[in-house]
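Data first, discussion second: the structure below is written as structure tokens.
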Amino acid sequence: MWLINSSIGRKVVMALTGIALVLFLTFHMSMNVAALFSGDAYNMICEFLGANWYAVVATMGLAALAVIHIVYAFWLTMQNRKARGNDRYAVTTKPASVEWASQNMLVLGIVIVAFMIVHFAQFWAKMQFVEVCHQLGASCGDGSAVLLAADGMHHIKNAFGQMWTLPVYVIGLVALWFHITHGFWSAFQSLGTTNNVWIPRFKTLGNWWATIVIGLFLIQAVVFTVQFAL
């Protein structure tokens, strides 16, 4: 199959899954902004996006996209290393035009995956997962866990009430910024945009978008830490 056997096909899969995850990240940021202004509004959103069938299906779809994106990223990295052979050990001068993020996408990806695990453990595992387990009749601890599953502000308070959460989020979000600013325009290049007019435009758009989205996430992390940990 072309999307699996061809390096160009694998890059197309990376691009499409990356763009889909970018759209989700934008939605996630917009949803979380509500928590800065109204805890009740944020809890209403959490309740609406709880264990309803459409939310569960969307979560499974996002999980599949993330897994595919990660697997293909490692696959392409190993393929590139194999193609370079022993040349990758040679000391060379890196071109000034090559972005730092481009040279360190694998490391950035590993940091982001570690950050995602922490984030899922603090929120998704205590919210939607608990609701799903309850509906399936599985044991998820005491009854209070189910009652608090849709209380997003409760979990924000628990997470950011611990001082170690802030530096973890700062590191993870900064890594995500670097990853996205390169991946955004690179995705469009993989989809066939190669001229000198649109690539600079996509780079500028990606930089602005990533700065706004990641900046708002960082503001939320700082505000919640000040509010609940200090």
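As shown in the structure tokens, the chain order sets the letters A, B, ...; within each chain, residues go from 1, and ligands are also counted from 1 in the order they appear.
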Which neighbours of His182 (chain A) fall inside 12 Å, counting only C-alpha atoms, when residues of the same chain fewer than 5 positions from it are skipped, and could you give them as a PDB file with C-alpha atoms, in the first residue's frame?
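Below you can see out04.pdb, which holds the result:
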ATOM      1  CA  ALA A  15       1.014  15.517   7.678  1.00  0.00           C
ATOM      2  CA  GLY A  18      -0.550  16.219  12.451  1.00  0.00           C
ATOM      3  CA  VAL A  98      17.970  24.111   8.952  1.00  0.00           C
ATOM      4  CA  GLU A  99      15.773  24.818  11.970  1.00  0.00           C
ATOM      5  CA  TRP A 100      16.781  23.577  15.418  1.00  0.00           C
ATOM      6  CA  ALA A 101      13.337  21.968  15.778  1.00  0.00           C
ATOM      7  CA  SER A 102      13.856  20.084  12.522  1.00  0.00           C
ATOM      8  CA  GLN A 103      17.088  18.597  13.855  1.00  0.00           C
ATOM      9  CA  ASN A 104      15.506  17.572  17.171  1.00  0.00           C
ATOM     10  CA  MET A 105      11.969  16.461  16.293  1.00  0.00           C
ATOM     11  CA  LEU A 108      10.844  16.912  21.151  1.00  0.00           C
ATOM     12  CA  ALA A 175       8.582  21.372  23.448  1.00  0.00           C
ATOM     13  CA  LEU A 176       5.139  21.340  21.816  1.00  0.00           C
ATOM     14  CA  TRP A 177       5.682  24.899  20.525  1.00  0.00           C
ATOM     15  CA  ALA A 187       2.906  19.208   6.837  1.00  0.00           C
ATOM     16  CA  PHE A 188       1.841  21.457   3.967  1.00  0.00           C
ATOM     17  CA  GLN A 189       5.164  20.855   2.254  1.00  0.00           C
ATOM     18  CA  ILE A 199       6.003  27.978   2.500  1.00  0.00           C
ATOM     19  CA  PRO A 200       7.113  31.272   4.154  1.00  0.00           C
ATOM     20  CA  PHE A 202       2.750  28.795   6.300  1.00  0.00           C
ATOM     21  CA  LYS A 203       5.830  29.280   8.497  1.00  0.00           C
ATOM     22  CA  THR A 204       4.556  32.675   9.641  1.00  0.00           C
ATOM     23  CA  LEU A 205       1.028  31.360  10.172  1.00  0.00           C
ATOM     24  CA  GLY A 206       2.348  28.367  12.114  1.00  0.00           C
ATOM     25  CA  ASN A 207       4.527  30.554  14.333  1.00  0.00           C
ATOM     26  CA  TRP A 209      -0.830  30.087  15.728  1.00  0.00           C
ATOM     27  CA  ALA A 210       1.548  28.077  17.931  1.00  0.00           C
TER      28      ALA A 210
END
Residues near His154 (chain A), cut-off 12 Å, only C-alpha atoms, skip fewer than 6 positions along chain, as an MDAnalysis selection string | chainID A and resid 35 39:40 42:43 46 122:123 126:127 144:145 147:148 160:161 224 228
Write the residues you've just listed into a file as a compact mmCIF listing (two decimals), in the first residue's frame, and include N, CA and C atoms for each of them.
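Final output, selection_26.txt:
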# COMPACT_ATOMS: atom_id res chain seq x y z
N ALA A 35 -12.28 28.07 31.69
CA ALA A 35 -11.96 27.86 33.11
C ALA A 35 -11.33 29.09 33.74
N GLY A 39 -15.66 28.80 36.45
CA GLY A 39 -15.54 27.38 36.77
C GLY A 39 -16.80 26.63 36.42
N ASP A 40 -17.95 27.28 36.61
CA ASP A 40 -19.22 26.63 36.29
C ASP A 40 -19.34 26.37 34.79
N TYR A 42 -16.90 25.98 32.69
CA TYR A 42 -15.96 24.91 32.33
C TYR A 42 -16.52 23.55 32.72
N ASN A 43 -17.14 23.46 33.88
CA ASN A 43 -17.74 22.19 34.30
C ASN A 43 -18.90 21.78 33.40
N CYS A 46 -17.28 20.21 30.47
CA CYS A 46 -16.77 18.88 30.84
C CYS A 46 -17.90 17.86 30.92
N GLN A 122 -3.59 13.01 34.98
CA GLN A 122 -4.19 14.01 35.86
C GLN A 122 -5.63 14.34 35.51
N PHE A 123 -5.99 14.17 34.24
CA PHE A 123 -7.33 14.59 33.82
C PHE A 123 -8.15 13.47 33.18
N LYS A 126 -9.10 10.47 35.21
CA LYS A 126 -9.96 10.75 36.36
C LYS A 126 -11.32 11.31 35.94
N MET A 127 -11.49 11.49 34.63
CA MET A 127 -12.74 12.08 34.16
C MET A 127 -13.48 11.12 33.22
N SER A 144 -17.10 8.37 44.99
CA SER A 144 -16.81 9.79 44.82
C SER A 144 -16.10 10.06 43.51
N ALA A 145 -15.32 9.09 43.02
CA ALA A 145 -14.60 9.28 41.76
C ALA A 145 -15.58 9.51 40.61
N LEU A 147 -18.71 10.65 40.95
CA LEU A 147 -19.41 11.90 41.19
C LEU A 147 -18.56 13.10 40.77
N LEU A 148 -17.24 12.99 40.89
CA LEU A 148 -16.34 14.10 40.57
C LEU A 148 -15.82 14.05 39.14
N PHE A 160 -2.90 21.47 39.63
CA PHE A 160 -2.07 22.66 39.75
C PHE A 160 -1.90 23.11 41.20
N GLY A 161 -2.53 22.40 42.10
CA GLY A 161 -2.27 22.64 43.52
C GLY A 161 -0.95 22.05 43.96
N PHE A 224 -3.56 29.03 37.28
CA PHE A 224 -4.08 27.99 38.16
C PHE A 224 -3.08 27.64 39.27
N PHE A 228 -4.15 28.04 43.08
CA PHE A 228 -4.38 26.84 43.89
C PHE A 228 -3.15 26.33 44.65
Nearest-residue call for Gly152 (chain A), choices A:Ala20, A:Ile45, A:Val12, A:Met29, using only C-alpha atoms = A:Ile45
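Rounded to one decimal, CA of Gln128 (chain A) and CA of Trp164 (chain A) lie 24.0 Å from each other.
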Determine which residues of region 5-214 of chain A DSSP labels as alpha helix (DSSP H) from the backbone of this structure, then write them out as JSON, numbers by chain.
-> {"A": [5, 7, 8, 9, 10, 11, 12, 13, 14, 15, 16, 17, 18, 19, 20, 21, 22, 23, 24, 25, 26, 27, 28, 29, 30, 31, 32, 33, 34, 35, 36, 37, 39, 40, 41, 42, 43, 44, 45, 46, 47, 48, 53, 54, 55, 56, 57, 58, 59, 60, 61, 62, 63, 64, 65, 66, 67, 68, 69, 70, 71, 72, 73, 74, 75, 76, 77, 78, 79, 80, 81, 82, 83, 84, 100, 101, 102, 103, 105, 106, 107, 108, 109, 110, 111, 112, 113, 114, 115, 116, 117, 118, 119, 120, 121, 122, 128, 129, 130, 131, 132, 133, 134, 135, 143, 144, 145, 146, 147, 152, 153, 154, 155, 156, 157, 158, 159, 160, 165, 166, 167, 168, 169, 170, 171, 172, 173, 174, 175, 176, 177, 178, 179, 180, 181, 182, 183, 184, 185, 186, 187, 188, 189, 190, 198, 199, 200, 201, 202, 203, 204, 205, 206, 207, 208, 209, 210, 211, 212, 213, 214]}
Between A:Val170, A:Val130, A:Leu65, A:Ile110, which has the minimum distance to Ile219 (chain A) (counting only C-alpha atoms)?
-> A:Val170
Which value, in Å to one decimal, gives the distance between CA of Val222 (chain A) and CA of Val33 (chain A)?
-> 12.8 Å
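Distances here use only C-alpha atoms; by that measure, the residue among A:Trp185, A:Trp124, A:Phe37, A:Trp75 closest to Asp151 (chain A) is A:Trp124.
Look at Val13 (chain A): the protein and nucleic acid residues within 8 Å of it, using only C-alpha atoms and passing over chain neighbours fewer than 2 places away, are Leu3, Gly9, Arg10, Lys11, Ala15, Leu16, Thr17, His69 and Tyr72 of chain A.
Minimum distance to Val113 (chain A) across A:His179, A:Asn32, A:Leu49, A:Thr193 (counting only C-alpha atoms) occurs at A:His179.
Atom to atom, CA of Ile68 (chain A) and CA of Val174 (chain A) stand 22.6 Å apart.
Here the question is which of A:Val107, A:Thr225, A:Met153, A:Cys133 gets nearest to Phe74 (chain A) using only C-alpha atoms, and that residue is A:Val107.
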Closest of A:Val132, A:Leu191, A:Leu218, A:Ala121 to Trp53 (chain A), counting only C-alpha atoms, is A:Val132
